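Colleague: The structure file run23.cif (mmCIF, C-alpha atoms) is provided below.
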data_input
#
loop_
_atom_site.label_atom_id
_atom_site.label_comp_id
_atom_site.auth_asym_id
_atom_site.auth_seq_id
_atom_site.Cartn_x
_atom_site.Cartn_y
_atom_site.Cartn_z
CA MET A 1 40.39 13.47 -66.49
CA ALA A 2 38.89 15.10 -63.41
CA PRO A 3 35.62 13.46 -62.28
CA GLN A 4 32.37 15.22 -63.13
CA TYR A 5 30.60 16.07 -59.88
CA LYS A 6 26.97 17.04 -59.41
CA LEU A 7 25.42 17.90 -56.06
CA THR A 8 21.62 17.84 -55.96
CA TYR A 9 19.80 19.48 -53.06
CA PHE A 10 17.15 22.05 -52.28
CA ASN A 11 18.04 25.71 -52.60
CA LEU A 12 19.01 25.69 -48.91
CA ARG A 13 22.24 25.69 -46.95
CA ALA A 14 21.09 23.12 -44.32
CA ARG A 15 22.47 19.68 -45.30
CA GLY A 16 24.12 20.76 -48.54
CA GLU A 17 26.25 23.74 -47.63
CA LEU A 18 29.24 21.94 -46.13
CA THR A 19 29.89 20.02 -49.34
CA ARG A 20 29.48 23.23 -51.38
CA PHE A 21 32.12 24.82 -49.12
CA ILE A 22 34.46 21.86 -49.66
CA PHE A 23 34.13 22.26 -53.43
CA ALA A 24 34.69 26.01 -53.11
CA ALA A 25 37.72 25.79 -50.80
CA ALA A 26 39.30 23.07 -52.91
CA GLY A 27 38.60 24.92 -56.16
CA VAL A 28 36.86 21.88 -57.64
CA GLN A 29 34.24 22.49 -60.33
CA TYR A 30 30.81 20.89 -59.87
CA ASP A 31 27.21 21.25 -60.88
CA ASP A 32 25.45 22.91 -57.93
CA ASN A 33 22.03 21.53 -58.81
CA ARG A 34 19.44 23.28 -56.61
CA ILE A 35 15.92 21.96 -57.10
CA GLU A 36 12.53 23.39 -56.19
CA PHE A 37 10.40 21.78 -53.48
CA SER A 38 7.84 21.04 -56.22
CA GLU A 39 10.39 18.88 -58.07
CA TRP A 40 11.20 16.75 -55.05
CA PRO A 41 8.32 14.22 -54.95
CA ALA A 42 9.07 13.00 -58.49
CA LEU A 43 12.79 12.76 -57.82
CA LYS A 44 12.44 11.21 -54.35
CA GLU A 45 11.42 7.80 -55.64
CA LYS A 46 14.53 7.61 -57.82
CA THR A 47 16.96 8.34 -54.99
CA PRO A 48 18.80 5.60 -53.04
CA MET A 49 17.20 6.39 -49.68
CA GLY A 50 14.43 8.89 -50.46
CA GLN A 51 16.72 11.67 -49.28
CA MET A 52 18.85 14.56 -50.45
CA PRO A 53 21.53 15.73 -50.85
CA LEU A 54 22.77 13.45 -53.61
CA LEU A 55 26.28 13.43 -54.97
CA GLU A 56 26.99 12.11 -58.43
CA ALA A 57 30.60 11.42 -59.36
CA ASP A 58 30.86 10.47 -63.03
CA GLY A 59 27.26 9.30 -62.81
CA LYS A 60 27.69 7.09 -59.73
CA VAL A 61 25.39 8.20 -56.91
CA VAL A 62 25.81 8.40 -53.17
CA CYS A 63 23.49 9.99 -50.61
CA GLN A 64 23.65 11.02 -46.92
CA SER A 65 25.11 14.48 -46.34
CA GLY A 66 27.80 13.24 -43.94
CA ALA A 67 29.01 10.50 -46.27
CA ILE A 68 29.08 12.98 -49.17
CA ALA A 69 31.05 15.61 -47.27
CA ARG A 70 33.54 13.07 -45.95
CA TYR A 71 34.03 11.63 -49.43
CA MET A 72 34.70 15.01 -50.99
CA ALA A 73 36.97 15.97 -48.07
CA ARG A 74 39.02 12.83 -48.67
CA GLU A 75 39.15 13.44 -52.41
CA THR A 76 40.29 17.06 -51.98
CA GLY A 77 42.73 16.54 -49.10
CA LEU A 78 40.62 18.45 -46.58
CA GLY A 79 39.91 15.49 -44.31
CA GLY A 80 42.98 15.55 -42.06
CA LYS A 81 46.56 14.38 -42.43
CA SER A 82 46.41 11.15 -40.42
CA SER A 83 43.75 8.70 -39.36
CA TRP A 84 43.67 10.24 -35.88
CA GLU A 85 43.43 13.77 -37.29
CA GLU A 86 40.63 12.50 -39.50
CA ALA A 87 38.82 11.24 -36.39
CA GLN A 88 39.15 14.61 -34.68
CA VAL A 89 38.00 16.49 -37.78
CA ASP A 90 35.09 14.05 -38.08
CA MET A 91 34.17 14.70 -34.41
CA PHE A 92 33.97 18.47 -34.99
CA VAL A 93 31.95 18.01 -38.17
CA CYS A 94 29.51 15.71 -36.34
CA GLY A 95 29.17 18.30 -33.57
CA VAL A 96 28.22 20.95 -36.14
CA ASP A 97 25.82 18.46 -37.66
CA ASP A 98 24.13 18.15 -34.25
CA LEU A 99 23.87 21.94 -34.19
CA ILE A 100 22.37 22.06 -37.69
CA THR A 101 19.87 19.38 -36.66
CA LYS A 102 18.77 21.61 -33.76
CA LEU A 103 18.50 24.62 -36.10
CA CYS A 104 16.46 22.65 -38.65
CA ASP A 105 14.24 21.12 -35.94
CA ALA A 106 13.38 24.65 -34.80
CA HIS A 107 13.07 26.14 -38.29
CA PHE A 108 10.87 23.40 -39.76
CA ALA A 109 8.61 22.75 -36.70
CA SER A 110 5.03 23.04 -37.95
CA ASP A 111 3.52 23.58 -34.49
CA GLU A 112 4.11 27.19 -33.40
CA ALA A 113 4.46 26.35 -29.69
CA VAL A 114 7.03 23.64 -30.46
CA LYS A 115 8.88 26.02 -32.76
CA GLU A 116 9.04 28.67 -30.04
CA GLU A 117 10.22 26.19 -27.43
CA ARG A 118 12.94 24.80 -29.71
CA THR A 119 14.07 28.27 -30.76
CA LYS A 120 14.36 29.29 -27.12
CA ALA A 121 16.43 26.21 -26.32
CA LEU A 122 18.90 27.15 -29.06
CA GLY A 123 20.47 29.95 -26.99
CA PRO A 124 21.98 27.81 -24.21
CA TYR A 125 22.75 25.05 -26.72
CA VAL A 126 24.80 27.42 -28.86
CA SER A 127 26.67 28.82 -25.84
CA LYS A 128 27.66 25.34 -24.72
CA PHE A 129 28.63 24.45 -28.30
CA LEU A 130 30.93 27.49 -28.55
CA ASP A 131 32.42 26.88 -25.08
CA ASN A 132 33.29 23.31 -26.05
CA TYR A 133 34.71 24.20 -29.45
CA GLU A 134 36.84 27.05 -28.09
CA LYS A 135 38.28 24.70 -25.48
CA LEU A 136 39.10 22.03 -28.08
CA CYS A 137 40.25 24.37 -30.84
CA GLY A 138 43.86 24.61 -32.00
CA PRO A 139 45.68 27.94 -31.59
CA GLU A 140 46.55 28.56 -35.23
CA GLY A 141 43.23 29.36 -36.86
CA HIS A 142 42.31 25.70 -37.32
CA LEU A 143 40.17 23.40 -35.22
CA VAL A 144 42.54 20.52 -35.97
CA GLY A 145 46.18 20.62 -37.01
CA THR A 146 47.88 23.48 -38.80
CA SER A 147 46.09 23.63 -42.13
CA LEU A 148 42.56 23.95 -43.45
CA THR A 149 40.24 20.97 -42.95
CA TYR A 150 36.53 20.64 -43.54
CA ALA A 151 36.08 20.89 -39.75
CA ASP A 152 36.92 24.59 -40.12
CA LEU A 153 34.49 24.84 -43.03
CA ALA A 154 31.75 23.04 -41.11
CA PHE A 155 32.22 25.34 -38.13
CA PHE A 156 31.88 28.39 -40.37
CA VAL A 157 28.78 26.96 -42.05
CA GLY A 158 27.22 26.33 -38.63
CA MET A 159 28.08 29.86 -37.51
CA HIS A 160 26.04 31.42 -40.32
CA ASP A 161 22.72 31.00 -38.52
CA ILE A 162 24.23 31.98 -35.19
CA TRP A 163 25.65 35.21 -36.63
CA GLN A 164 22.24 36.12 -38.03
CA HIS A 165 21.00 36.44 -34.45
CA ARG A 166 24.22 37.42 -32.70
CA ALA A 167 26.71 39.17 -34.96
CA ASP A 168 29.23 39.33 -32.07
CA ALA A 169 28.80 35.65 -31.17
CA LEU A 170 32.55 34.95 -31.33
CA GLU A 171 33.65 38.01 -29.38
CA LYS A 172 34.59 35.94 -26.34
CA TYR A 173 36.03 33.08 -28.37
CA PRO A 174 39.38 34.22 -29.78
CA LYS A 175 40.49 30.86 -31.16
CA LEU A 176 37.19 30.27 -32.93
CA ALA A 177 37.20 33.84 -34.24
CA LYS A 178 40.55 33.05 -35.83
CA VAL A 179 39.12 29.91 -37.45
CA ALA A 180 36.23 31.95 -38.86
CA GLU A 181 38.75 34.46 -40.23
CA THR A 182 40.78 31.70 -41.87
CA VAL A 183 37.70 30.37 -43.63
CA ARG A 184 36.39 33.81 -44.60
CA ASP A 185 39.80 34.67 -46.09
CA ASN A 186 39.89 31.54 -48.21
CA GLU A 187 39.70 32.72 -51.81
CA GLY A 188 37.42 29.98 -53.07
CA VAL A 189 35.07 30.30 -50.10
CA ALA A 190 34.95 34.09 -50.41
CA ALA A 191 34.05 33.84 -54.10
CA TYR A 192 31.32 31.28 -53.35
CA ILE A 193 29.83 33.35 -50.51
CA ALA A 194 29.72 36.42 -52.76
CA GLU A 195 27.64 34.64 -55.37
CA ARG A 196 25.52 32.12 -53.46
CA PRO A 197 21.76 32.68 -53.19
CA GLU A 198 20.40 33.96 -49.87
CA THR A 199 18.27 31.35 -48.11
CA ASN A 200 16.52 31.19 -44.73
CA ILE A 201 18.39 28.14 -43.55
CA MET B 1 52.71 -2.26 -29.48
CA ALA B 2 48.98 -2.32 -30.22
CA PRO B 3 47.13 0.78 -29.01
CA GLN B 4 45.15 0.52 -25.77
CA TYR B 5 41.51 1.24 -26.55
CA LYS B 6 38.76 2.14 -24.11
CA LEU B 7 35.16 2.76 -25.12
CA THR B 8 33.04 4.54 -22.51
CA TYR B 9 29.27 4.53 -22.85
CA PHE B 10 26.11 3.64 -20.98
CA ASN B 11 25.18 -0.01 -20.63
CA LEU B 12 23.10 0.33 -23.81
CA ARG B 13 23.48 -0.72 -27.43
CA ALA B 14 22.17 2.58 -28.94
CA ARG B 15 25.15 4.74 -29.95
CA GLY B 16 27.86 2.39 -28.70
CA GLU B 17 27.05 -0.96 -30.21
CA LEU B 18 28.43 -0.45 -33.71
CA THR B 19 31.91 0.29 -32.38
CA ARG B 20 31.69 -2.74 -30.07
CA PHE B 21 30.81 -4.84 -33.13
CA ILE B 22 33.81 -3.42 -35.03
CA PHE B 23 36.12 -4.39 -32.15
CA ALA B 24 34.51 -7.83 -32.00
CA ALA B 25 34.64 -8.53 -35.75
CA ALA B 26 38.22 -7.31 -35.99
CA GLY B 27 39.31 -9.27 -32.92
CA VAL B 28 40.75 -6.16 -31.31
CA GLN B 29 40.95 -6.06 -27.51
CA TYR B 30 39.46 -3.04 -25.73
CA ASP B 31 38.05 -1.93 -22.43
CA ASP B 32 34.25 -2.00 -22.83
CA ASN B 33 33.62 0.56 -20.10
CA ARG B 34 29.86 0.65 -19.40
CA ILE B 35 28.87 3.26 -16.87
CA GLU B 36 25.73 3.73 -14.78
CA PHE B 37 23.36 6.64 -15.43
CA SER B 38 24.24 7.88 -11.94
CA GLU B 39 27.90 8.23 -12.92
CA TRP B 40 27.17 10.35 -15.97
CA PRO B 41 26.66 13.87 -14.53
CA ALA B 42 30.12 13.88 -12.92
CA LEU B 43 31.78 12.54 -16.06
CA LYS B 44 29.83 14.75 -18.48
CA GLU B 45 31.72 17.93 -17.59
CA LYS B 46 35.04 16.25 -18.32
CA THR B 47 34.06 15.09 -21.83
CA PRO B 48 34.92 17.06 -25.01
CA MET B 49 31.31 17.77 -26.00
CA GLY B 50 29.23 16.66 -23.00
CA GLN B 51 28.41 13.48 -24.84
CA MET B 52 29.10 9.78 -24.96
CA PRO B 53 30.33 7.46 -26.35
CA LEU B 54 33.98 8.33 -25.82
CA LEU B 55 36.88 6.49 -27.37
CA GLU B 56 40.30 6.62 -25.80
CA ALA B 57 43.24 5.41 -27.85
CA ASP B 58 46.40 5.37 -25.74
CA GLY B 59 44.79 8.04 -23.61
CA LYS B 60 43.85 10.41 -26.46
CA VAL B 61 40.10 11.04 -26.52
CA VAL B 62 37.59 11.43 -29.31
CA CYS B 63 33.78 11.62 -29.09
CA GLN B 64 30.82 11.42 -31.47
CA SER B 65 29.66 7.87 -32.19
CA GLY B 66 30.00 8.22 -35.96
CA ALA B 67 33.53 9.58 -35.80
CA ILE B 68 34.51 6.81 -33.37
CA ALA B 69 33.05 4.02 -35.51
CA ARG B 70 34.64 5.39 -38.69
CA TYR B 71 38.00 5.71 -36.97
CA MET B 72 37.95 2.15 -35.69
CA ALA B 73 36.69 0.90 -39.07
CA ARG B 74 39.66 2.59 -40.76
CA GLU B 75 42.09 1.22 -38.20
CA THR B 76 40.79 -2.33 -38.56
CA GLY B 77 40.33 -2.38 -42.34
CA LEU B 78 36.53 -2.60 -42.16
CA GLY B 79 35.86 0.75 -43.80
CA GLY B 80 35.90 -0.20 -47.47
CA LYS B 81 38.65 -0.87 -50.01
CA SER B 82 38.63 2.42 -51.92
CA SER B 83 37.53 5.97 -51.26
CA TRP B 84 34.32 5.38 -53.25
CA GLU B 85 33.61 2.11 -51.40
CA GLU B 86 34.21 4.03 -48.19
CA ALA B 87 31.59 6.58 -49.28
CA GLN B 88 29.05 3.84 -49.98
CA VAL B 89 29.76 2.10 -46.68
CA ASP B 90 29.47 5.45 -44.92
CA MET B 91 26.09 6.05 -46.63
CA PHE B 92 24.70 2.74 -45.32
CA VAL B 93 26.04 3.39 -41.83
CA CYS B 94 24.45 6.87 -41.82
CA GLY B 95 21.15 5.33 -42.92
CA VAL B 96 21.25 2.93 -39.98
CA ASP B 97 22.13 5.85 -37.75
CA ASP B 98 18.94 7.59 -38.93
CA LEU B 99 17.04 4.43 -38.01
CA ILE B 100 18.65 4.27 -34.56
CA THR B 101 17.75 7.93 -34.03
CA LYS B 102 14.10 7.08 -34.76
CA LEU B 103 14.25 4.12 -32.38
CA CYS B 104 15.84 6.21 -29.61
CA ASP B 105 13.40 9.09 -30.18
CA ALA B 106 10.52 6.66 -29.62
CA HIS B 107 12.15 4.79 -26.74
CA PHE B 108 13.22 7.85 -24.74
CA ALA B 109 10.12 10.04 -25.34
CA SER B 110 8.92 11.17 -21.91
CA ASP B 111 5.42 12.10 -23.09
CA GLU B 112 3.34 8.91 -23.50
CA ALA B 113 1.30 10.26 -26.45
CA VAL B 114 4.46 11.29 -28.29
CA LYS B 115 6.02 7.92 -27.55
CA GLU B 116 2.99 6.10 -28.97
CA GLU B 117 2.91 8.26 -32.07
CA ARG B 118 6.63 7.77 -32.74
CA THR B 119 6.43 4.04 -32.10
CA LYS B 120 3.55 3.77 -34.56
CA ALA B 121 5.52 5.68 -37.21
CA LEU B 122 8.37 3.18 -36.89
CA GLY B 123 6.50 0.47 -38.83
CA PRO B 124 6.33 2.23 -42.22
CA TYR B 125 9.78 3.76 -41.63
CA VAL B 126 11.33 0.33 -41.15
CA SER B 127 9.59 -1.10 -44.22
CA LYS B 128 10.91 1.70 -46.40
CA PHE B 129 14.35 1.31 -44.85
CA LEU B 130 14.43 -2.40 -45.68
CA ASP B 131 13.08 -1.84 -49.21
CA ASN B 132 15.83 0.67 -49.90
CA TYR B 133 18.62 -1.42 -48.41
CA GLU B 134 17.55 -4.58 -50.26
CA LYS B 135 17.55 -2.65 -53.54
CA LEU B 136 21.03 -1.24 -52.90
CA CYS B 137 22.55 -4.37 -51.33
CA GLY B 138 25.23 -6.41 -53.07
CA PRO B 139 24.46 -10.05 -53.93
CA GLU B 140 27.22 -11.73 -51.96
CA GLY B 141 26.20 -11.27 -48.36
CA HIS B 142 27.65 -7.77 -48.14
CA LEU B 143 26.04 -4.37 -48.53
CA VAL B 144 29.17 -3.08 -50.28
CA GLY B 145 31.84 -5.02 -52.14
CA THR B 146 32.77 -8.62 -51.53
CA SER B 147 34.05 -8.63 -47.97
CA LEU B 148 32.91 -7.59 -44.53
CA THR B 149 32.63 -3.87 -43.83
CA TYR B 150 31.16 -2.06 -40.88
CA ALA B 151 28.14 -1.28 -43.08
CA ASP B 152 27.20 -4.95 -42.66
CA LEU B 153 27.80 -4.68 -38.91
CA ALA B 154 25.76 -1.48 -38.67
CA PHE B 155 22.88 -3.08 -40.53
CA PHE B 156 22.90 -6.06 -38.15
CA VAL B 157 23.04 -3.76 -35.12
CA GLY B 158 20.05 -1.82 -36.47
CA MET B 159 18.13 -5.05 -37.09
CA HIS B 160 18.30 -6.05 -33.42
CA ASP B 161 15.41 -3.81 -32.41
CA ILE B 162 13.44 -4.66 -35.53
CA TRP B 163 13.78 -8.39 -34.89
CA GLN B 164 12.50 -7.95 -31.35
CA HIS B 165 9.16 -6.93 -32.82
CA ARG B 166 9.23 -8.87 -36.10
CA ALA B 167 11.40 -11.97 -35.95
CA ASP B 168 10.68 -12.64 -39.64
CA ALA B 169 11.46 -9.07 -40.73
CA LEU B 170 13.94 -10.19 -43.41
CA GLU B 171 11.78 -12.94 -44.89
CA LYS B 172 11.09 -10.95 -48.05
CA TYR B 173 14.60 -9.51 -48.27
CA PRO B 174 16.91 -12.32 -49.43
CA LYS B 175 20.00 -10.16 -49.97
CA LEU B 176 19.71 -8.53 -46.56
CA ALA B 177 19.03 -11.91 -44.94
CA LYS B 178 22.36 -13.07 -46.39
CA VAL B 179 24.12 -10.01 -44.93
CA ALA B 180 22.62 -10.78 -41.53
CA GLU B 181 23.84 -14.38 -41.86
CA THR B 182 27.35 -13.23 -42.75
CA VAL B 183 27.51 -11.05 -39.65
CA ARG B 184 25.93 -13.65 -37.37
CA ASP B 185 28.46 -16.23 -38.58
CA ASN B 186 31.43 -13.99 -37.85
CA GLU B 187 33.33 -15.66 -35.06
CA GLY B 188 34.20 -12.51 -33.13
CA VAL B 189 30.68 -11.13 -33.41
CA ALA B 190 29.12 -14.43 -32.35
CA ALA B 191 31.34 -14.57 -29.26
CA TYR B 192 30.46 -10.98 -28.37
CA ILE B 193 26.71 -11.54 -28.81
CA ALA B 194 26.88 -14.63 -26.59
CA GLU B 195 28.38 -12.67 -23.71
CA ARG B 196 26.98 -9.11 -24.03
CA PRO B 197 24.51 -7.85 -21.44
CA GLU B 198 20.84 -7.70 -22.46
CA THR B 199 19.62 -4.12 -22.68
CA ASN B 200 16.33 -2.50 -23.79
CA ILE B 201 17.88 -0.45 -26.51
#
Any chance you could give the structure as structure tokens?

Modeller:
Amino acid sequence: MAPQYKLTYFNLRARGELTRFIFAAAGVQYDDNRIEFSEWPALKEKTPMGQMPLLEADGKVVCQSGAIARYMARETGLGGKSSWEEAQVDMFVCGVDDLITKLCDAHFASDEAVKEERTKALGPYVSKFLDNYEKLCGPEGHLVGTSLTYADLAFFVGMHDIWQHRADALEKYPKLAKVAETVRDNEGVAAYIAERPETNI
Amino acid sequence: MAPQYKLTYFNLRARGELTRFIFAAAGVQYDDNRIEFSEWPALKEKTPMGQMPLLEADGKVVCQSGAIARYMARETGLGGKSSWEEAQVDMFVCGVDDLITKLCDAHFASDEAVKEERTKALGPYVSKFLDNYEKLCGPEGHLVGTSLTYADLAFFVGMHDIWQHRADALEKYPKLAKVAETVRDNEGVAAYIAERPETNI
């Protein structure tokens, strides 16, 4: 029998969205358990590390967004076809994670001056990020190899916030534009995007 | 023929030490290429993402410390014995990575007030970290399963900075103390520790 999966996180993309994309692209059913901020303090104490997201697989729990995404990528065959491919995919996913950290650091800064400074620094950071990824990207609509991996999904997830500010962000990046197209055209991903709740981050 | 490995990083523990520990514990030869800060700007432009550490395996390059450590853990059999074990190991390693981020954020803060504030926050953070890890830790001297994984190595690497301030930090954490003992007693690790350069972080 297929394992019962449950992903618990806030109603945010942030640290949960990549795993939701993996489920969607792989066509794997799961309980997309989005909790309110008010529910978090009571739940926090019961979590392994006082953090979300949490993944439950047949009741067994694991936390840490990266570990969760990598696990589900392995389980669904989206992690890469060899150990070296896996390392490359992992590298791209970590790079997007760095980007998401920057986005969250700006979004959640409580001090307005800090928030402004961090938001301003995002511009050059994003340009450098896209330059690097275009240079490293494969020619066939995939960051790594010749088929979909969760590196492609992670890239697309990271692009969401960039597109909100610059809809033409990939205009000068033909290889990355092709990756975005590949992900957007994925049936499972398209269905998920059509129905997911809108959130700020 | 065994692959030729080269790890390039600053002469710091920080984001490079876990991979060095994996090489040491696995008894795998590699070029531990520690560069000066003055050499970095020229090298930076030639790296995939403007970041170190870099791992070269027979000349192929990958970056991102997490991706590098996971790759070498897979290659050396220190990553866990099943996909689920791998997820748990990954979770612990990510948790230590969060800790190292906090340590680096305090250590490298240029503003003295910020540095003091972050250093002060480390105390409660470390206590919570140890509470969580002790609760989750296996009973046999390993965080996960019954043999050495790089989760154990990562934990030991993270403890280095904690021990510098609190030599008895594991006194109330018998399971974690046993993990530390297991790692300290590993022949390859012990030899590496005896010869590695002393660095601030």

Colleague: If we count only C-alpha atoms, which residues of chain B reach to within 9 Å of chain A? Please list them as a ChimeraX atom specification.

Modeller: /B:48-50,61-68,70-71,74-75,83-84,86-95,128-129,132-133,135-136

Colleague: Would you export the selected residues with C-alpha atoms as a tab-separated table (two decimals), in the frame of the given file, please?

Modeller:
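To be explicit, this is the file written out as again.tsv:
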chain	number	residue	atom	x	y	z
B	48	PRO	CA	34.92	17.06	-25.01
B	49	MET	CA	31.31	17.77	-26.00
B	50	GLY	CA	29.23	16.66	-23.00
B	61	VAL	CA	40.10	11.04	-26.52
B	62	VAL	CA	37.59	11.43	-29.31
B	63	CYS	CA	33.78	11.62	-29.09
B	64	GLN	CA	30.82	11.42	-31.47
B	65	SER	CA	29.66	7.87	-32.19
B	66	GLY	CA	30.00	8.22	-35.96
B	67	ALA	CA	33.53	9.58	-35.80
B	68	ILE	CA	34.51	6.81	-33.37
B	70	ARG	CA	34.64	5.39	-38.69
B	71	TYR	CA	38.00	5.71	-36.97
B	74	ARG	CA	39.66	2.59	-40.76
B	75	GLU	CA	42.09	1.22	-38.20
B	83	SER	CA	37.53	5.97	-51.26
B	84	TRP	CA	34.32	5.38	-53.25
B	86	GLU	CA	34.21	4.03	-48.19
B	87	ALA	CA	31.59	6.58	-49.28
B	88	GLN	CA	29.05	3.84	-49.98
B	89	VAL	CA	29.76	2.10	-46.68
B	90	ASP	CA	29.47	5.45	-44.92
B	91	MET	CA	26.09	6.05	-46.63
B	92	PHE	CA	24.70	2.74	-45.32
B	93	VAL	CA	26.04	3.39	-41.83
B	94	CYS	CA	24.45	6.87	-41.82
B	95	GLY	CA	21.15	5.33	-42.92
B	128	LYS	CA	10.91	1.70	-46.40
B	129	PHE	CA	14.35	1.31	-44.85
B	132	ASN	CA	15.83	0.67	-49.90
B	133	TYR	CA	18.62	-1.42	-48.41
B	135	LYS	CA	17.55	-2.65	-53.54
B	136	LEU	CA	21.03	-1.24	-52.90

Colleague: In Å, rounded to a single decimal, give me how far atom CA of B:Tyr9 is from atom CA of B:Leu43.

Modeller: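 Computing the Euclidean distance for atom CA of B:Leu43 and atom CA of B:Tyr9 yields 10.8 Å.
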
Colleague: Go through the shown structure with the PyMOL selection byres ((chain A and resi 177) around 12) and write out the matching residues as a tab-separated table (two decimals) with C-alpha atoms, in the coordinates of the input.

Modeller:
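Contents of the output file result.tsv:
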chain	number	residue	atom	x	y	z
A	130	LEU	CA	30.93	27.49	-28.55
A	133	TYR	CA	34.71	24.20	-29.45
A	134	GLU	CA	36.84	27.05	-28.09
A	137	CYS	CA	40.25	24.37	-30.84
A	138	GLY	CA	43.86	24.61	-32.00
A	139	PRO	CA	45.68	27.94	-31.59
A	140	GLU	CA	46.55	28.56	-35.23
A	141	GLY	CA	43.23	29.36	-36.86
A	142	HIS	CA	42.31	25.70	-37.32
A	143	LEU	CA	40.17	23.40	-35.22
A	152	ASP	CA	36.92	24.59	-40.12
A	155	PHE	CA	32.22	25.34	-38.13
A	156	PHE	CA	31.88	28.39	-40.37
A	159	MET	CA	28.08	29.86	-37.51
A	163	TRP	CA	25.65	35.21	-36.63
A	167	ALA	CA	26.71	39.17	-34.96
A	168	ASP	CA	29.23	39.33	-32.07
A	169	ALA	CA	28.80	35.65	-31.17
A	170	LEU	CA	32.55	34.95	-31.33
A	171	GLU	CA	33.65	38.01	-29.38
A	172	LYS	CA	34.59	35.94	-26.34
A	173	TYR	CA	36.03	33.08	-28.37
A	174	PRO	CA	39.38	34.22	-29.78
A	175	LYS	CA	40.49	30.86	-31.16
A	176	LEU	CA	37.19	30.27	-32.93
A	178	LYS	CA	40.55	33.05	-35.83
A	179	VAL	CA	39.12	29.91	-37.45
A	180	ALA	CA	36.23	31.95	-38.86
A	181	GLU	CA	38.75	34.46	-40.23
A	182	THR	CA	40.78	31.70	-41.87
A	183	VAL	CA	37.70	30.37	-43.63
A	184	ARG	CA	36.39	33.81	-44.60

Colleague: With a distance cut-off of 9 Å and all atoms listed in the file, select the neighbouring residues of B:Pro197, excluding the residue or stretch itself and same-chain residues fewer than 2 positions from it, and output the selection as an mmCIF file with C-alpha atoms, keeping the file's coordinate frame.

Modeller:
data_model
loop_
_atom_site.group_PDB
_atom_site.id
_atom_site.type_symbol
_atom_site.label_atom_id
_atom_site.label_comp_id
_atom_site.auth_asym_id
_atom_site.auth_seq_id
_atom_site.Cartn_x
_atom_site.Cartn_y
_atom_site.Cartn_z
ATOM 1 C CA ASN B 11 25.180 -0.010 -20.630
ATOM 2 C CA LEU B 12 23.100 0.330 -23.810
ATOM 3 C CA ILE B 193 26.710 -11.540 -28.810
ATOM 4 C CA ALA B 194 26.880 -14.630 -26.590
ATOM 5 C CA GLU B 195 28.380 -12.670 -23.710
ATOM 6 C CA THR B 199 19.620 -4.120 -22.680
#

Colleague: Please evaluate the PyMOL selection byres ((chain B and resi 101) around 12) against the displayed coordinates and give the resulting residues as a ChimeraX atom specification.

Modeller: /A:101 /B:14-15,94-100,102-109,118,122,125,158,201

Colleague: Could you write out as lines of an AutoDock Vina configuration file the box around stretch 32-50 of chain B (axis-aligned, all atoms listed in the file, 3 Å on each side), with centre and edge lengths in Å to one decimal?

Modeller:
center_x = 29.2
center_y = 8.0
center_z = -19.0
size_x = 17.7
size_y = 25.9
size_z = 20.1

Colleague: Would you mind reading off the distance between atom CA of B:Gln29 and atom CA of B:Tyr150, one decimal, in Å?

Modeller: 17.0 Å

Colleague: Could you tell me, as a PDB file with C-alpha atoms, in the coordinates of the input, exactly which residues end up selected when the PyMOL selection byres ((chain B and resi 24) around 8) is applied to this structure?

Modeller:
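Now in result_22.pdb:
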ATOM      1  CA  ARG B  20      31.690  -2.740 -30.070  1.00  0.00           C
ATOM      2  CA  PHE B  21      30.810  -4.840 -33.130  1.00  0.00           C
ATOM      3  CA  ILE B  22      33.810  -3.420 -35.030  1.00  0.00           C
ATOM      4  CA  PHE B  23      36.120  -4.390 -32.150  1.00  0.00           C
ATOM      5  CA  ALA B  25      34.640  -8.530 -35.750  1.00  0.00           C
ATOM      6  CA  ALA B  26      38.220  -7.310 -35.990  1.00  0.00           C
ATOM      7  CA  GLY B  27      39.310  -9.270 -32.920  1.00  0.00           C
ATOM      8  CA  VAL B  28      40.750  -6.160 -31.310  1.00  0.00           C
ATOM      9  CA  GLY B 188      34.200 -12.510 -33.130  1.00  0.00           C
ATOM     10  CA  VAL B 189      30.680 -11.130 -33.410  1.00  0.00           C
ATOM     11  CA  ALA B 191      31.340 -14.570 -29.260  1.00  0.00           C
ATOM     12  CA  TYR B 192      30.460 -10.980 -28.370  1.00  0.00           C
TER      13      TYR B 192
END

Colleague: Rounded to one decimal place, report the atom CA of A:Pro53-atom CA of A:His160 distance in Å.

Modeller: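 Distance between the two atoms: 19.4 Å.
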
Colleague: Hey, what's within 8 Å of B:Asp32 if we count all atoms listed in the file and toss same-chain stuff fewer than 3 positions away? As a short mmCIF file (atom, residue, chain, number, x, y, z; two decimals) with C-alpha atoms, keeping the file's coordinate frame, please?

Modeller:
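around-v2.cif, written as the output of this step:
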data_model
loop_
_atom_site.label_atom_id
_atom_site.label_comp_id
_atom_site.auth_asym_id
_atom_site.auth_seq_id
_atom_site.Cartn_x
_atom_site.Cartn_y
_atom_site.Cartn_z
CA LYS B 6 38.76 2.14 -24.11
CA LEU B 7 35.16 2.76 -25.12
CA THR B 8 33.04 4.54 -22.51
CA ARG B 20 31.69 -2.74 -30.07
#

Colleague: Measuring between only C-alpha atoms, which one of A:Phe37, A:Glu56, A:Thr19, A:Glu45 shows the shortest distance to A:Pro3?

Modeller: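 Among A:Phe37, A:Glu56, A:Thr19, A:Glu45, it is A:Glu56 that comes nearest to A:Pro3.
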
Colleague: Counting only C-alpha atoms, which of A:Leu18, A:Leu153, A:Phe10, A:Thr76 gets nearest to A:Trp40?

Modeller: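 Nearest candidate to A:Trp40 out of A:Leu18, A:Leu153, A:Phe10, A:Thr76: A:Phe10.
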